[in-house]
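As provided, data-v4.pdb (PDB, C-alpha atoms and all ligand atoms) reads as follows.
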```pdb
ATOM      1  CA  MET C  22      21.369   6.108   1.015
ATOM      2  CA  GLU C  23      24.670   6.835  -0.656
ATOM      3  CA  ASN C  24      23.532   7.672  -4.131
ATOM      4  CA  ARG C  25      20.403   9.502  -3.143
ATOM      5  CA  THR C  26      21.389  12.949  -4.356
ATOM      6  CA  GLU C  27      22.877  11.592  -7.548
ATOM      7  CA  ASN C  28      19.787   9.481  -8.271
ATOM      8  CA  LEU C  29      17.360  12.283  -7.500
ATOM      9  CA  ARG C  30      19.282  14.581  -9.841
ATOM     10  CA  ALA C  31      19.100  11.962 -12.585
ATOM     11  CA  VAL C  32      15.330  11.725 -12.060
ATOM     12  CA  TRP C  33      15.040  15.516 -12.252
ATOM     13  CA  GLN C  34      17.008  15.588 -15.469
ATOM     14  CA  ALA C  35      14.618  13.054 -17.007
ATOM     15  CA  LEU C  36      11.596  15.001 -15.749
ATOM     16  CA  LEU C  37      12.880  18.246 -17.245
ATOM     17  CA  GLN C  38      13.739  16.607 -20.572
ATOM     18  CA  GLY C  39      10.417  14.846 -20.959
ATOM     19  CA  GLN C  40       7.361  16.547 -22.400
ATOM     20  CA  ASN C  41       4.675  13.896 -22.731
ATOM     21  CA  PHE C  42       4.399  11.717 -19.626
ATOM     22  CA  PHE C  43       2.616   8.542 -18.580
ATOM     23  CA  ILE C  44       2.595   7.849 -14.858
ATOM     24  CA  ALA C  45       1.240   4.907 -12.868
ATOM     25  CA  GLY C  46       1.545   3.153  -9.525
ATOM     26  CA  HIS C  47       0.798  -0.495  -8.761
ATOM     27  CA  LEU C  48      -2.321  -2.682  -8.994
ATOM     28  CA  ASN C  49      -4.739  -2.341  -6.065
ATOM     29  CA  PRO C  50      -3.616   1.254  -5.533
ATOM     30  CA  ASP C  51      -2.962   2.203  -1.913
ATOM     31  CA  GLY C  52      -2.467   5.621  -0.339
ATOM     32  CA  ASP C  53       1.221   5.728  -1.200
ATOM     33  CA  SER C  54       0.869   4.624  -4.797
ATOM     34  CA  LEU C  55      -2.054   6.927  -5.546
ATOM     35  CA  GLY C  56      -0.861   9.872  -3.444
ATOM     36  CA  CYS C  57       2.498   9.890  -5.241
ATOM     37  CA  THR C  58       0.889   9.528  -8.674
ATOM     38  CA  LEU C  59      -1.249  12.598  -7.940
ATOM     39  CA  ALA C  60       1.554  14.704  -6.458
ATOM     40  CA  VAL C  61       3.953  14.029  -9.332
ATOM     41  CA  THR C  62       1.205  14.589 -11.916
ATOM     42  CA  SER C  63       0.399  17.947 -10.363
ATOM     43  CA  LEU C  64       4.084  18.960 -10.234
ATOM     44  CA  LEU C  65       4.637  18.016 -13.897
ATOM     45  CA  GLU C  66       1.549  19.944 -14.962
ATOM     46  CA  ARG C  67       2.792  22.993 -13.065
ATOM     47  CA  LEU C  68       6.014  22.648 -15.063
ATOM     48  CA  GLY C  69       4.017  22.762 -18.302
ATOM     49  CA  LYS C  70       4.218  19.055 -19.132
ATOM     50  CA  THR C  71       1.469  16.875 -20.572
ATOM     51  CA  VAL C  72       0.617  13.970 -18.249
ATOM     52  CA  TYR C  73      -1.549  10.867 -18.605
ATOM     53  CA  ALA C  74      -2.032   9.638 -15.028
ATOM     54  CA  TYR C  75      -3.244   6.050 -14.739
ATOM     55  CA  ALA C  76      -4.440   3.976 -11.797
ATOM     56  CA  ALA C  77      -5.656   0.389 -11.820
ATOM     57  CA  PRO C  78      -9.191  -0.096 -10.478
ATOM     58  CA  ALA C  79     -10.590   0.172  -7.960
ATOM     59  CA  ILE C  80      -9.945   3.231  -5.821
ATOM     60  CA  GLY C  81     -10.943   2.629  -2.180
ATOM     61  CA  ASN C  82     -13.578   4.937  -0.727
ATOM     62  CA  ASP C  83     -11.056   6.164   1.831
ATOM     63  CA  LEU C  84      -8.835   7.557  -0.944
ATOM     64  CA  LYS C  85     -11.494   9.309  -2.998
ATOM     65  CA  PHE C  86     -10.899  12.608  -1.189
ATOM     66  CA  LEU C  87      -7.379  12.931  -2.621
ATOM     67  CA  PRO C  88      -7.094  16.240  -4.467
ATOM     68  CA  GLY C  89      -6.659  15.832  -8.232
ATOM     69  CA  LEU C  90      -8.147  12.347  -8.423
ATOM     70  CA  ASP C  91     -10.518  13.521 -11.185
ATOM     71  CA  LYS C  92      -7.465  13.809 -13.467
ATOM     72  CA  VAL C  93      -6.533  10.133 -13.054
ATOM     73  CA  HIS C  94      -7.695   7.622 -15.665
ATOM     74  CA  VAL C  95      -8.894   4.760 -13.471
ATOM     75  CA  GLY C  96      -8.696   1.495 -15.401
ATOM     76  CA  VAL C  97      -8.607   3.314 -18.750
ATOM     77  CA  LEU C  98      -5.366   2.845 -20.672
ATOM     78  CA  PRO C  99      -4.406   5.347 -23.362
ATOM     79  CA  THR C 100      -5.260   4.502 -26.975
ATOM     80  CA  ASN C 101      -2.378   6.495 -28.376
ATOM     81  CA  ASN C 102       1.051   5.654 -26.952
ATOM     82  CA  THR C 103       3.141   8.670 -27.838
ATOM     83  CA  PHE C 104       4.691   9.163 -24.411
ATOM     84  CA  ASP C 105       8.359  10.086 -24.319
ATOM     85  CA  THR C 106       8.646   9.401 -20.600
ATOM     86  CA  VAL C 107       7.002   6.761 -18.406
ATOM     87  CA  ILE C 108       7.167   6.946 -14.618
ATOM     88  CA  LEU C 109       6.405   3.826 -12.595
ATOM     89  CA  LEU C 110       5.997   4.360  -8.869
ATOM     90  CA  GLU C 111       6.075   1.539  -6.301
ATOM     91  CA  CYS C 112       6.347  -1.158  -8.935
ATOM     92  CA  SER C 113       8.909  -3.753  -7.851
ATOM     93  CA  ASP C 114       8.916  -5.084 -11.414
ATOM     94  CA  ARG C 115       7.697  -3.639 -14.692
ATOM     95  CA  ASN C 116       4.490  -5.723 -14.587
ATOM     96  CA  ARG C 117       3.297  -4.557 -11.170
ATOM     97  CA  GLY C 118       1.434  -1.651 -12.771
ATOM     98  CA  GLY C 119      -0.822  -3.903 -14.835
ATOM     99  CA  ASP C 120      -0.972  -4.428 -18.566
ATOM    100  CA  LEU C 121       1.282  -1.554 -19.591
ATOM    101  CA  GLN C 122       3.265  -3.323 -22.352
ATOM    102  CA  ALA C 123       1.997  -1.021 -25.101
ATOM    103  CA  VAL C 124       2.879   2.060 -23.079
ATOM    104  CA  LEU C 125       6.300   0.763 -22.072
ATOM    105  CA  LYS C 126       7.252  -0.428 -25.559
ATOM    106  CA  ASN C 127       7.303   3.037 -27.119
ATOM    107  CA  ALA C 128       8.688   5.058 -24.231
ATOM    108  CA  LYS C 129      12.104   6.635 -24.697
ATOM    109  CA  THR C 130      12.747   6.950 -20.984
ATOM    110  CA  LEU C 131      11.430   4.767 -18.178
ATOM    111  CA  ILE C 132      11.776   6.154 -14.647
ATOM    112  CA  ASN C 133      11.448   3.659 -11.784
ATOM    113  CA  ILE C 134      10.974   5.009  -8.250
ATOM    114  CA  ASP C 135      10.354   2.634  -5.344
ATOM    115  CA  HIS C 136      11.075   1.871  -1.712
ATOM    116  CA  HIS C 137      10.600  -1.894  -1.758
ATOM    117  CA  LEU C 138      13.597  -4.060  -0.975
ATOM    118  CA  VAL C 139      13.105  -6.417  -3.911
ATOM    119  CA  SER C 140      12.750  -3.689  -6.515
ATOM    120  CA  GLU C 141      14.605  -4.399  -9.755
ATOM    121  CA  ALA C 142      16.514  -1.689 -11.577
ATOM    122  CA  TYR C 143      14.410  -2.162 -14.733
ATOM    123  CA  GLY C 144      14.208   1.532 -15.655
ATOM    124  CA  ASP C 145      16.481   3.785 -17.693
ATOM    125  CA  VAL C 146      16.563   5.928 -14.579
ATOM    126  CA  ASN C 147      16.149   4.126 -11.243
ATOM    127  CA  HIS C 148      15.828   5.401  -7.742
ATOM    128  CA  ILE C 149      15.213   2.579  -5.288
ATOM    129  CA  ASP C 150      15.625   3.511  -1.641
ATOM    130  CA  SER C 151      14.635   0.641   0.625
ATOM    131  CA  GLY C 152      15.498   2.781   3.645
ATOM    132  CA  ALA C 153      12.603   5.124   2.849
ATOM    133  CA  SER C 154       9.318   4.486   4.653
ATOM    134  CA  SER C 155       7.282   5.163   1.555
ATOM    135  CA  THR C 156       7.512   6.384  -2.003
ATOM    136  CA  ALA C 157       5.941   9.610  -0.690
ATOM    137  CA  GLU C 158       9.032  10.195   1.447
ATOM    138  CA  ILE C 159      11.203   9.774  -1.666
ATOM    139  CA  ILE C 160       8.990  12.031  -3.790
ATOM    140  CA  PHE C 161       9.199  14.768  -1.187
ATOM    141  CA  GLN C 162      13.010  14.489  -1.271
ATOM    142  CA  LEU C 163      12.760  14.727  -5.051
ATOM    143  CA  PHE C 164      10.680  17.913  -4.865
ATOM    144  CA  GLU C 165      13.213  19.363  -2.389
ATOM    145  CA  GLU C 166      16.178  18.426  -4.554
ATOM    146  CA  SER C 167      15.195  20.868  -7.287
ATOM    147  CA  GLU C 168      16.188  23.851  -5.091
ATOM    148  CA  ASP C 169      13.622  25.890  -7.033
ATOM    149  CA  PRO C 170      10.950  26.940  -4.503
ATOM    150  CA  VAL C 171       8.348  26.643  -7.284
ATOM    151  CA  CYS C 172       8.887  22.881  -7.105
ATOM    152  CA  LEU C 173       8.037  22.541  -3.413
ATOM    153  CA  PRO C 174       4.685  20.802  -2.922
ATOM    154  CA  THR C 175       1.522  22.889  -3.083
ATOM    155  CA  PRO C 176      -0.955  22.275  -0.214
ATOM    156  CA  ASP C 177      -2.839  19.738  -2.380
ATOM    157  CA  GLU C 178       0.379  17.935  -3.329
ATOM    158  CA  ALA C 179       1.410  17.966   0.348
ATOM    159  CA  THR C 180      -1.952  16.361   1.242
ATOM    160  CA  CYS C 181      -1.340  13.593  -1.322
ATOM    161  CA  LEU C 182       2.219  12.919  -0.108
ATOM    162  CA  TYR C 183       1.282  13.028   3.575
ATOM    163  CA  THR C 184      -1.423  10.438   2.838
ATOM    164  CA  GLY C 185       1.221   8.127   1.338
ATOM    165  CA  LEU C 186       3.513   8.644   4.299
ATOM    166  CA  VAL C 187       0.885   8.196   7.021
ATOM    167  CA  THR C 188      -0.646   5.069   5.462
ATOM    168  CA  ASP C 189       2.646   3.308   4.655
ATOM    169  CA  THR C 190       3.958   3.902   8.188
ATOM    170  CA  GLY C 191       0.636   2.879   9.794
ATOM    171  CA  ARG C 192       0.325   6.349  11.312
ATOM    172  CA  PHE C 193       4.060   6.462  12.138
ATOM    173  CA  VAL C 194       3.854   3.206  14.081
ATOM    174  CA  HIS C 195       5.531   0.585  11.834
ATOM    175  CA  SER C 196       9.258  -0.063  12.136
ATOM    176  CA  ASN C 197       9.883   1.739   8.806
ATOM    177  CA  THR C 198       9.198   5.069  10.579
ATOM    178  CA  THR C 199      12.459   6.985  10.869
ATOM    179  CA  ALA C 200      13.572  10.458  11.888
ATOM    180  CA  GLU C 201      13.553  11.286   8.175
ATOM    181  CA  SER C 202       9.909  10.133   7.828
ATOM    182  CA  LEU C 203       8.951  12.456  10.667
ATOM    183  CA  ARG C 204      10.994  15.331   9.212
ATOM    184  CA  VAL C 205       9.206  14.900   5.878
ATOM    185  CA  ALA C 206       5.830  14.706   7.653
ATOM    186  CA  SER C 207       6.594  17.917   9.513
ATOM    187  CA  ALA C 208       7.626  19.667   6.292
ATOM    188  CA  LEU C 209       4.428  18.507   4.549
ATOM    189  CA  VAL C 210       2.302  19.840   7.401
ATOM    190  CA  ALA C 211       4.147  23.168   7.179
ATOM    191  CA  LEU C 212       3.376  23.225   3.440
ATOM    192  CA  GLY C 213      -0.348  22.848   4.118
ATOM    193  CA  ALA C 214      -1.182  19.126   4.136
ATOM    194  CA  ASP C 215      -4.803  18.824   5.240
ATOM    195  CA  LEU C 216      -4.367  16.696   8.364
ATOM    196  CA  ALA C 217      -7.938  17.107   9.584
ATOM    197  CA  THR C 218      -9.417  15.633   6.394
ATOM    198  CA  ILE C 219      -6.808  12.867   6.087
ATOM    199  CA  ASN C 220      -7.271  11.762   9.701
ATOM    200  CA  GLN C 221     -11.022  11.896   9.626
ATOM    201  CA  ILE C 222     -11.536  10.083   6.328
ATOM    202  CA  ILE C 223      -8.778   7.471   6.561
ATOM    203  CA  TYR C 224      -8.825   6.729  10.293
ATOM    204  CA  PHE C 225     -12.152   7.835  11.730
ATOM    205  CA  THR C 226     -14.701   6.796   9.136
ATOM    206  CA  LYS C 227     -16.453   3.436   9.174
ATOM    207  CA  SER C 228     -19.921   2.503   8.035
ATOM    208  CA  TYR C 229     -22.556   1.046  10.357
ATOM    209  CA  ILE C 230     -22.147  -2.320   8.629
ATOM    210  CA  GLU C 231     -18.356  -2.271   9.028
ATOM    211  CA  LEU C 232     -18.713  -1.620  12.761
ATOM    212  CA  LYS C 233     -21.301  -4.388  13.116
ATOM    213  CA  LEU C 234     -18.933  -6.710  11.259
ATOM    214  CA  LEU C 235     -16.121  -5.743  13.643
ATOM    215  CA  GLY C 236     -18.453  -6.634  16.515
ATOM    216  CA  ARG C 237     -19.213 -10.002  15.001
ATOM    217  CA  ALA C 238     -15.504 -10.630  14.394
ATOM    218  CA  PHE C 239     -14.738  -9.925  18.071
ATOM    219  CA  GLU C 240     -17.526 -12.286  19.129
ATOM    220  CA  LYS C 241     -16.066 -15.036  16.980
ATOM    221  CA  MET C 242     -12.458 -14.507  18.060
ATOM    222  CA  GLU C 243     -10.954 -17.721  19.485
ATOM    223  CA  MET C 244      -7.707 -18.084  21.389
ATOM    224  CA  ARG C 245      -5.672 -21.222  20.765
ATOM    225  CA  PHE C 246      -2.288 -22.705  21.635
ATOM    226  CA  ASP C 247      -1.801 -21.126  25.092
ATOM    227  CA  ASN C 248      -3.374 -17.899  23.858
ATOM    228  CA  LYS C 249      -0.546 -17.402  21.371
ATOM    229  CA  TYR C 250      -2.838 -17.729  18.363
ATOM    230  CA  SER C 251      -5.973 -15.721  17.732
ATOM    231  CA  GLN C 252      -8.293 -17.004  15.048
ATOM    232  CA  ILE C 253     -11.360 -15.274  13.611
ATOM    233  CA  ILE C 254     -13.490 -17.115  11.075
ATOM    234  CA  LEU C 255     -16.077 -15.115   9.152
ATOM    235  CA  THR C 256     -18.356 -17.321   7.106
ATOM    236  CA  LYS C 257     -20.660 -16.582   4.214
ATOM    237  CA  ARG C 258     -23.480 -16.661   6.739
ATOM    238  CA  ASP C 259     -21.819 -13.938   8.855
ATOM    239  CA  PHE C 260     -21.501 -11.639   5.854
ATOM    240  CA  GLU C 261     -25.058 -12.353   4.705
ATOM    241  CA  ALA C 262     -26.554 -11.755   8.146
ATOM    242  CA  LEU C 263     -25.140  -8.226   8.184
ATOM    243  CA  GLY C 264     -25.439  -7.428   4.489
ATOM    244  CA  ALA C 265     -21.643  -7.062   4.502
ATOM    245  CA  THR C 266     -18.981  -8.078   1.988
ATOM    246  CA  PRO C 267     -15.542  -9.645   2.613
ATOM    247  CA  ALA C 268     -13.997  -6.364   1.408
ATOM    248  CA  GLN C 269     -15.385  -4.602   4.483
ATOM    249  CA  THR C 270     -13.026  -6.360   6.895
ATOM    250  CA  GLN C 271     -10.163  -3.858   6.641
ATOM    251  CA  GLY C 272      -8.287  -3.471   9.912
ATOM    252  CA  ILE C 273      -9.971  -6.393  11.709
ATOM    253  CA  VAL C 274      -7.037  -8.818  11.603
ATOM    254  CA  SER C 275      -4.651  -6.503  13.449
ATOM    255  CA  GLN C 276      -6.986  -6.006  16.434
ATOM    256  CA  PRO C 277      -6.126  -9.261  18.275
ATOM    257  CA  THR C 278      -2.396  -8.404  18.156
ATOM    258  CA  MET C 279      -3.147  -5.846  20.878
ATOM    259  CA  ILE C 280      -3.489  -8.715  23.341
ATOM    260  CA  PRO C 281      -0.160  -9.365  25.112
ATOM    261  CA  GLY C 282       0.974 -12.908  24.428
ATOM    262  CA  VAL C 283      -0.669 -13.184  21.005
ATOM    263  CA  GLU C 284       2.022 -14.122  18.490
ATOM    264  CA  VAL C 285      -0.141 -14.702  15.414
ATOM    265  CA  SER C 286      -3.552 -13.360  14.454
ATOM    266  CA  ALA C 287      -5.529 -14.836  11.570
ATOM    267  CA  LEU C 288      -8.691 -13.634   9.866
ATOM    268  CA  ILE C 289     -10.179 -16.421   7.771
ATOM    269  CA  LYS C 290     -12.912 -15.364   5.377
ATOM    270  CA  GLU C 291     -15.288 -17.521   3.390
ATOM    271  CA  GLU C 292     -15.679 -15.705   0.072
ATOM    272  CA  PRO C 293     -17.993 -16.784  -2.765
ATOM    273  CA  ASP C 294     -15.283 -18.602  -4.747
ATOM    274  CA  LYS C 295     -12.426 -19.044  -2.258
ATOM    275  CA  VAL C 296     -11.237 -18.832   1.307
ATOM    276  CA  SER C 297      -8.938 -15.885   1.979
ATOM    277  CA  VAL C 298      -6.690 -15.506   4.989
ATOM    278  CA  ASN C 299      -4.970 -12.460   6.473
ATOM    279  CA  LEU C 300      -2.175 -12.906   8.997
ATOM    280  CA  ARG C 301      -0.516 -10.524  11.442
ATOM    281  CA  SER C 302       2.125 -10.993  14.114
ATOM    282  CA  ARG C 303       2.817  -9.031  17.261
ATOM    283  CA  ASN C 304       6.442  -9.919  17.987
ATOM    284  CA  GLY C 305       9.008 -11.967  16.162
ATOM    285  CA  VAL C 306       6.982 -14.447  14.084
ATOM    286  CA  ASP C 307       7.498 -14.014  10.349
ATOM    287  CA  VAL C 308       3.965 -14.617   9.083
ATOM    288  CA  SER C 309       5.088 -14.337   5.445
ATOM    289  CA  LYS C 310       6.709 -17.772   5.945
ATOM    290  CA  ILE C 311       3.376 -19.175   7.159
ATOM    291  CA  ALA C 312       1.645 -17.632   4.128
ATOM    292  CA  GLN C 313       4.266 -19.128   1.806
ATOM    293  CA  THR C 314       3.288 -22.614   3.025
ATOM    294  CA  PHE C 315      -0.055 -21.890   1.328
ATOM    295  CA  ASN C 316       1.466 -20.191  -1.749
ATOM    296  CA  GLY C 317       0.802 -16.721  -0.377
ATOM    297  CA  GLY C 318       3.199 -14.006   0.678
ATOM    298  CA  GLY C 319       3.684 -10.555   2.109
ATOM    299  CA  HIS C 320       5.718  -9.020   4.890
ATOM    300  CA  ALA C 321       7.074 -10.408   8.170
ATOM    301  CA  ARG C 322       4.316  -8.748  10.199
ATOM    302  CA  ALA C 323       1.513  -8.772   7.619
ATOM    303  CA  SER C 324       0.794 -11.375   4.995
ATOM    304  CA  GLY C 325      -1.960 -13.470   3.493
ATOM    305  CA  PHE C 326      -3.038 -16.218   1.133
ATOM    306  CA  LYS C 327      -6.041 -17.598  -0.720
ATOM    307  CA  VAL C 328      -7.233 -21.179  -1.118
ATOM    308  CA  THR C 329      -9.746 -22.557  -3.601
ATOM    309  CA  GLY C 330     -11.501 -25.904  -3.493
ATOM    310  CA  GLN C 331     -11.480 -26.295   0.310
ATOM    311  CA  THR C 332     -14.020 -25.442   2.970
ATOM    312  CA  VAL C 333     -13.386 -22.649   5.432
ATOM    313  CA  SER C 334     -12.942 -25.109   8.304
ATOM    314  CA  GLU C 335     -10.489 -27.234   6.319
ATOM    315  CA  VAL C 336      -8.377 -24.162   5.613
ATOM    316  CA  ALA C 337      -8.630 -23.061   9.270
ATOM    317  CA  GLU C 338      -7.424 -26.448  10.504
ATOM    318  CA  SER C 339      -4.478 -26.772   8.119
ATOM    319  CA  LEU C 340      -3.465 -23.221   9.013
ATOM    320  CA  ALA C 341      -3.787 -23.971  12.747
ATOM    321  CA  GLU C 342      -1.425 -26.925  12.337
ATOM    322  CA  VAL C 343       1.247 -24.742  10.745
ATOM    323  CA  VAL C 344       0.765 -21.978  13.313
ATOM    324  CA  GLN C 345       0.961 -24.442  16.207
ATOM    325  CA  ASN C 346       4.363 -25.609  14.988
ATOM    326  CA  VAL C 347       5.600 -22.049  14.740
ATOM    327  CA  VAL C 348       4.355 -20.853  18.167
ATOM    328  CA  LYS C 349       4.790 -23.981  20.259
ATOM    329  CA  ASP C 350       8.324 -23.161  21.443
ATOM    330  CA  ILE C 351       7.750 -19.467  22.041
ATOM    331  CA  GLN C 352       7.712 -18.735  25.781
TER
HETATM  332 MN    MN D   1       4.620   2.298  -0.522
END
```
Let's see the structure in the file written out as structure tokens.
Amino acid sequence: MENRTENLRAVWQALLQGQNFFIAGHLNPDGDSLGCTLAVTSLLERLGKTVYAYAAPAIGNDLKFLPGLDKVHVGVLPTNNTFDTVILLECSDRNRGGDLQAVLKNAKTLINIDHHLVSEAYGDVNHIDSGASSTAEIIFQLFEESEDPVCLPTPDEATCLYTGLVTDTGRFVHSNTTAESLRVASALVALGADLATINQIIYFTKSYIELKLLGRAFEKMEMRFDNKYSQIILTKRDFEALGATPAQTQGIVSQPTMIPGVEVSALIKEEPDKVSVNLRSRNGVDVSKIAQTFNGGGHARASGFKVTGQTVSEVAESLAEVVQNVVKDIQ
């Protein structure tokens, strides 16, 4: 990115000038959003700044190991808005962080750091690098830019940033993984990122119920349209039988995309008040376009939507119709 150095220097200038900071990531915090919030909070505190770190609820169990999480106000907004500097991470618009109007209104300087393509330059200082795999990759470059070795990540900060990097790249598998992502990962490991804990908690921990639910999902997997479409329907009865909740289905929808020939994978869940659908594709199908048909959205390879007022089989059939049209001409 052309202006990277210039932008990072402008961010540094704002960080050094500020004294009383508010920092937040986006709603439904993921590893990148939360990891970066924690790493930047820790850096600012080491520089003698006052920081109010905020995260929207709820924090997933797989992120509760992140060092410094006890300092984050989860779902608790400040009562006194005297911040001179607000940092929004991973927020493609100023409302992505939640109800922060009171905080934003009084801030002298708003810093916006993001890696999403659609990000608006709504800050006083903006650094939007859509070529970066993750905000963690950008934050590491920011730490490096200071040239003061004191500002390099501590082992705990490295653990937080590595978590952002590894989750946003799907363990360095998604197409956003670049040589730079791997260079940053290597540097974070050298600085003491706790790989053993990150790998074990994020990638090798599932509850008994989650594994049973995965088993049930595999049993219910159906192949349609010349095996180009995999459909899994989990009903209220499936969840009840296992004592599971629809939130425990993380990772299930991407499993069928391992089958060669599968173009689209759908997980259709009957929730108490709605039917929710997750979509994944293996090759070229842009599943965000399928989701848009149902007023949903997301990325080309991963998207989703929710429907109210229809049964799970009605939703499954209208989805199947759309998918059939998309996959029918694929050889
Ligand atoms: Mn991200």
Using all atoms listed in the file, which residues sit within 12 Å of C:Gln34 once same-chain residues fewer than 3 positions away are excluded, as a ChimeraX atom specification? /C:27-31,37-40,106,130,132,146,163,166-167
One decimal place gives the atom CA of C:Arg258-atom CA of C:Lys290 separation as 10.7 Å
Expand the PyMOL selection byres (((chain C and resi 327) around 6) and not hetatm) into the individual residues it matches in the shown file, reporting them as an MDAnalysis selection string. chainID C and resid 296:297 326 328
Go ahead and write the residues just picked, C-alpha atoms, as an mmCIF file, in the coordinates of the input.
```
data_model
loop_
_atom_site.group_PDB
_atom_site.id
_atom_site.type_symbol
_atom_site.label_atom_id
_atom_site.label_comp_id
_atom_site.auth_asym_id
_atom_site.auth_seq_id
_atom_site.Cartn_x
_atom_site.Cartn_y
_atom_site.Cartn_z
ATOM 1 C CA VAL C 296 -11.237 -18.832 1.307
ATOM 2 C CA SER C 297 -8.938 -15.885 1.979
ATOM 3 C CA PHE C 326 -3.038 -16.218 1.133
ATOM 4 C CA VAL C 328 -7.233 -21.179 -1.118
#
```
May I have the residues within 10 Å of ligand MN 1 (chain D), computed using only C-alpha atoms and all ligand atoms, as a ChimeraX atom specification? /C:46-47,50-57,110-112,135-137,153-158,185-186,188-190
Rows by chain and residue number, stretch 269-310 of chain C within 10 Å of stretch 230-247 of chain C, shortest pair, all atoms listed in the file, as JSON lines:
```
{"residue": "C:Gln269", "atom": "CA", "partner": "C:Glu231", "partner_atom": "CA", "distance": 5.9}
{"residue": "C:Thr270", "atom": "CA", "partner": "C:Glu231", "partner_atom": "CA", "distance": 7.0}
{"residue": "C:Gln271", "atom": "CA", "partner": "C:Glu231", "partner_atom": "CA", "distance": 8.7}
{"residue": "C:Gly272", "atom": "CA", "partner": "C:Leu235", "partner_atom": "CA", "distance": 9.0}
{"residue": "C:Ile273", "atom": "CA", "partner": "C:Leu235", "partner_atom": "CA", "distance": 6.5}
{"residue": "C:Val274", "atom": "CA", "partner": "C:Ala238", "partner_atom": "CA", "distance": 9.1}
{"residue": "C:Gln276", "atom": "CA", "partner": "C:Phe239", "partner_atom": "CA", "distance": 8.8}
{"residue": "C:Pro277", "atom": "CA", "partner": "C:Met242", "partner_atom": "CA", "distance": 8.2}
{"residue": "C:Gly282", "atom": "CA", "partner": "C:Asp247", "partner_atom": "CA", "distance": 8.7}
{"residue": "C:Val283", "atom": "CA", "partner": "C:Met244", "partner_atom": "CA", "distance": 8.6}
{"residue": "C:Ser286", "atom": "CA", "partner": "C:Met244", "partner_atom": "CA", "distance": 9.4}
{"residue": "C:Ala287", "atom": "CA", "partner": "C:Met242", "partner_atom": "CA", "distance": 9.5}
{"residue": "C:Leu288", "atom": "CA", "partner": "C:Ala238", "partner_atom": "CA", "distance": 8.7}
```
Within 12 Å of file point (-5.1, 8.4, -14.9), counting all atoms listed in the file, expressed as a ChimeraX atom specification: /C:42-46,50,55,58-59,62-63,72-78,80,89-99
